[in-house]
Amino acid sequence: MALAPLMLLAACDPQVPVAEDFIPEYKGVKTQLLDGDLVQFNVAMTKALSAQDVSDYAECAAAQYTLIRGYGFARHVRTNVTEEGGIWRADAVYTISPSLPKGLKTIDAEVTAFQCAERGIPTV
């Protein structure tokens, strides 16, 4: 009868993570044109390893949207990231333009969209 307490303790051991626990699930992108060249991207995902993962998702969406609109570049304005109940969300704002904008956080939309595809991150 001494085995019963040991069996109960074994049932309390945390589950060992499996590969599927680390494969992000992208839940979609919503875009909103705020004013002229200013665009807001709201993205959601699960199984992100960090806030950077969801920020990258927003950047990928911005890159593809920029290309869809016929522009070549975007400049990051801000990104707010939250996580609740395992769902990561980012609210990101970018400006889009046909030429390289001033600023430190600019992206070449074509290069970024290509890199996102290589990394398996979906876009708009």
# chains A, B, ... in the order shown; residues from 1 in each chain; ligands from 1

$ residues_around --residues "Tyr71 (chain A)" --least-positions-apart "4" --cutoff "8 Å" --atoms "only C-alpha atoms" --output "CSV table (one decimal) with N, CA, C and O atoms, in the first residue's frame"
chain,number,residue,atom,x,y,z
A,66,THR,N,2.3,47.0,-47.2
A,66,THR,CA,3.0,48.1,-47.9
A,66,THR,C,3.1,47.7,-49.4
A,66,THR,O,2.9,48.5,-50.2
A,67,LEU,N,3.5,46.5,-49.6
A,67,LEU,CA,3.6,46.0,-51.0
A,67,LEU,C,2.3,46.0,-51.7
A,67,LEU,O,2.2,46.4,-52.9
A,96,ILE,N,3.7,54.1,-44.3
A,96,ILE,CA,4.2,53.4,-45.5
A,96,ILE,C,4.5,54.5,-46.5
A,96,ILE,O,3.9,55.6,-46.5
A,97,SER,N,5.5,54.3,-47.4
A,97,SER,CA,5.9,55.3,-48.3
A,97,SER,C,6.6,54.6,-49.5
A,97,SER,O,7.1,53.5,-49.4
A,98,PRO,N,6.6,55.4,-50.7
A,98,PRO,CA,7.2,54.8,-51.9
A,98,PRO,C,8.7,54.9,-51.8
A,98,PRO,O,9.4,54.2,-52.5
A,99,SER,N,9.3,55.8,-51.0
A,99,SER,CA,10.7,56.0,-50.9
A,99,SER,C,11.1,55.8,-49.4
A,99,SER,O,10.3,55.8,-48.5
A,109,ALA,N,10.1,46.8,-47.6
A,109,ALA,CA,9.0,45.9,-47.5
A,109,ALA,C,9.2,44.6,-48.3
A,109,ALA,O,8.9,43.5,-47.9

$ select_by_dssp --residues "region 19-121 of chain A" --states "alpha helix (DSSP H)" --output "PyMOL selection string"
chain A and resi 51-68+109-119

$ closest_residue --among "A:Gln52, A:Gln40, A:Thr46, A:Thr106" --to "Asp21 (chain A)" --atoms "only C-alpha atoms"
A:Thr46

$ closest_residue --among "A:Val16, A:Ala51, A:Ile68, A:Ala63" --to "Ala90 (chain A)" --atoms "only C-alpha atoms"
A:Ala51

$ residues_around --residues "region 75-83 of chain A" --least-positions-apart "6" --cutoff "6 Å" --atoms "only C-alpha atoms" --output "list in words"
Arg89, Ala90, Asp91, Ala92, Val93, Tyr94, Thr95, Lys105 and Thr106 of chain A

$ write_last_selection --atoms "N, CA and C atoms" --output "mmCIF file, in the first residue's frame"
data_model
loop_
_atom_site.group_PDB
_atom_site.id
_atom_site.type_symbol
_atom_site.label_atom_id
_atom_site.label_comp_id
_atom_site.auth_asym_id
_atom_site.auth_seq_id
_atom_site.Cartn_x
_atom_site.Cartn_y
_atom_site.Cartn_z
ATOM 1 N N ARG A 89 -1.076 39.482 -28.294
ATOM 2 C CA ARG A 89 -1.620 40.458 -29.235
ATOM 3 C C ARG A 89 -0.629 41.613 -29.385
ATOM 4 N N ALA A 90 -0.565 42.127 -30.603
ATOM 5 C CA ALA A 90 0.238 43.318 -30.853
ATOM 6 C C ALA A 90 -0.632 44.330 -31.573
ATOM 7 N N ASP A 91 -0.496 45.558 -31.171
ATOM 8 C CA ASP A 91 -1.133 46.707 -31.806
ATOM 9 C C ASP A 91 0.036 47.553 -32.304
ATOM 10 N N ALA A 92 0.280 47.506 -33.612
ATOM 11 C CA ALA A 92 1.445 48.179 -34.177
ATOM 12 C C ALA A 92 1.014 49.243 -35.176
ATOM 13 N N VAL A 93 1.773 50.315 -35.239
ATOM 14 C CA VAL A 93 1.497 51.385 -36.188
ATOM 15 C C VAL A 93 2.763 51.628 -37.013
ATOM 16 N N TYR A 94 2.561 51.717 -38.333
ATOM 17 C CA TYR A 94 3.633 51.974 -39.279
ATOM 18 C C TYR A 94 3.184 53.060 -40.248
ATOM 19 N N THR A 95 4.150 53.811 -40.768
ATOM 20 C CA THR A 95 3.872 54.656 -41.923
ATOM 21 C C THR A 95 4.383 53.902 -43.140
ATOM 22 N N LYS A 105 13.904 53.147 -37.622
ATOM 23 C CA LYS A 105 13.218 51.853 -37.676
ATOM 24 C C LYS A 105 12.465 51.686 -38.998
ATOM 25 N N THR A 106 13.201 51.772 -40.092
ATOM 26 C CA THR A 106 12.585 51.607 -41.402
ATOM 27 C C THR A 106 12.768 50.177 -41.887
#

$ closest_atom_pairs --of "region 7-87 of chain A" --to "region 112-121 of chain A" --cutoff "12 Å" --atoms "only C-alpha atoms" --output "tab-separated table"
residue	atom	partner	partner_atom	distance
A:Ile23	CA	A:Gly120	CA	10.4
A:Pro24	CA	A:Ile121	CA	9.0
A:Glu25	CA	A:Ile121	CA	9.7
A:Tyr26	CA	A:Ile121	CA	8.1
A:Lys27	CA	A:Ile121	CA	11.4
A:Gly28	CA	A:Ile121	CA	11.1
A:Val29	CA	A:Ile121	CA	11.8
A:Val43	CA	A:Ile121	CA	11.9
A:Met45	CA	A:Ile121	CA	10.9
A:Ala48	CA	A:Ile121	CA	11.8
A:Asp53	CA	A:Ile121	CA	9.4
A:Val54	CA	A:Ile121	CA	10.0
A:Ser55	CA	A:Ile121	CA	11.2
A:Asp56	CA	A:Ile121	CA	8.2
A:Tyr57	CA	A:Ile121	CA	6.4
A:Ala58	CA	A:Ile121	CA	9.7
A:Glu59	CA	A:Thr112	CA	8.1
A:Cys60	CA	A:Cys116	CA	5.9
A:Ala61	CA	A:Ala113	CA	8.2
A:Ala62	CA	A:Ala113	CA	8.7
A:Ala63	CA	A:Ala113	CA	5.5
A:Gln64	CA	A:Ala113	CA	5.8
A:Tyr65	CA	A:Ala113	CA	9.5
A:Thr66	CA	A:Ala113	CA	9.6
A:Leu67	CA	A:Ala113	CA	8.6
A:Ile68	CA	A:Ala113	CA	11.1
A:Gly72	CA	A:Thr112	CA	10.4
A:Phe73	CA	A:Thr112	CA	9.7
A:Ala74	CA	A:Thr112	CA	10.1

$ atom_distance --atom1 "CA of Ile87 (chain A)" --atom2 "CA of Gln32 (chain A)"
20.9 Å

$ atom_distance --atom1 "CA of Pro122 (chain A)" --atom2 "CA of Phe22 (chain A)"
16.3 Å

$ select_by_dssp --residues "region 13-109 of chain A" --states "strand (DSSP E or B)" --output "PyMOL selection string"
chain A and resi 25-35+38-46+73-84+87-97+106-108

$ write_last_selection --atoms "C-alpha atoms" --output "PDB file, in the first residue's frame"
ATOM      1  CA  GLU A  25      -0.367  29.564 -34.231  1.00  0.00           C
ATOM      2  CA  TYR A  26      -1.088  32.778 -36.096  1.00  0.00           C
ATOM      3  CA  LYS A  27      -4.642  33.952 -35.443  1.00  0.00           C
ATOM      4  CA  GLY A  28      -4.964  36.742 -37.995  1.00  0.00           C
ATOM      5  CA  VAL A  29      -4.297  40.339 -38.873  1.00  0.00           C
ATOM      6  CA  LYS A  30      -6.629  43.319 -38.908  1.00  0.00           C
ATOM      7  CA  THR A  31      -5.474  46.472 -40.655  1.00  0.00           C
ATOM      8  CA  GLN A  32      -6.847  49.971 -40.334  1.00  0.00           C
ATOM      9  CA  LEU A  33      -5.774  52.971 -42.375  1.00  0.00           C
ATOM     10  CA  LEU A  34      -5.558  55.757 -39.807  1.00  0.00           C
ATOM     11  CA  ASP A  35      -4.586  58.758 -41.910  1.00  0.00           C
ATOM     12  CA  LEU A  38      -0.376  55.817 -41.275  1.00  0.00           C
ATOM     13  CA  VAL A  39      -1.588  52.225 -40.797  1.00  0.00           C
ATOM     14  CA  GLN A  40      -2.473  50.238 -37.671  1.00  0.00           C
ATOM     15  CA  PHE A  41      -1.991  46.457 -37.537  1.00  0.00           C
ATOM     16  CA  ASN A  42      -3.639  44.304 -34.882  1.00  0.00           C
ATOM     17  CA  VAL A  43      -2.328  40.744 -34.791  1.00  0.00           C
ATOM     18  CA  ALA A  44      -2.930  37.787 -32.496  1.00  0.00           C
ATOM     19  CA  MET A  45      -1.125  34.511 -31.990  1.00  0.00           C
ATOM     20  CA  THR A  46      -0.654  31.696 -29.516  1.00  0.00           C
ATOM     21  CA  PHE A  73       9.062  51.048 -47.508  1.00  0.00           C
ATOM     22  CA  ALA A  74       7.583  51.353 -44.042  1.00  0.00           C
ATOM     23  CA  ARG A  75       8.685  53.040 -40.836  1.00  0.00           C
ATOM     24  CA  HIS A  76       7.831  51.609 -37.441  1.00  0.00           C
ATOM     25  CA  VAL A  77       6.049  54.100 -35.190  1.00  0.00           C
ATOM     26  CA  ARG A  78       5.121  51.950 -32.185  1.00  0.00           C
ATOM     27  CA  THR A  79       4.078  48.471 -31.073  1.00  0.00           C
ATOM     28  CA  ASN A  80       2.175  47.550 -27.916  1.00  0.00           C
ATOM     29  CA  VAL A  81       2.232  43.868 -26.962  1.00  0.00           C
ATOM     30  CA  THR A  82      -0.015  42.116 -24.458  1.00  0.00           C
ATOM     31  CA  GLU A  83      -0.496  38.507 -23.405  1.00  0.00           C
ATOM     32  CA  GLU A  84      -3.565  37.150 -21.673  1.00  0.00           C
ATOM     33  CA  ILE A  87      -3.049  34.739 -26.499  1.00  0.00           C
ATOM     34  CA  TRP A  88      -0.433  37.271 -27.530  1.00  0.00           C
ATOM     35  CA  ARG A  89      -1.620  40.458 -29.235  1.00  0.00           C
ATOM     36  CA  ALA A  90       0.238  43.318 -30.853  1.00  0.00           C
ATOM     37  CA  ASP A  91      -1.133  46.707 -31.806  1.00  0.00           C
ATOM     38  CA  ALA A  92       1.445  48.179 -34.177  1.00  0.00           C
ATOM     39  CA  VAL A  93       1.497  51.385 -36.188  1.00  0.00           C
ATOM     40  CA  TYR A  94       3.633  51.974 -39.279  1.00  0.00           C
ATOM     41  CA  THR A  95       3.872  54.656 -41.923  1.00  0.00           C
ATOM     42  CA  ILE A  96       4.154  53.432 -45.504  1.00  0.00           C
ATOM     43  CA  SER A  97       5.891  55.269 -48.334  1.00  0.00           C
ATOM     44  CA  THR A 106      12.585  51.607 -41.402  1.00  0.00           C
ATOM     45  CA  ILE A 107      11.967  48.416 -43.342  1.00  0.00           C
ATOM     46  CA  ASP A 108      12.361  47.531 -46.990  1.00  0.00           C
TER      47      ASP A 108
END
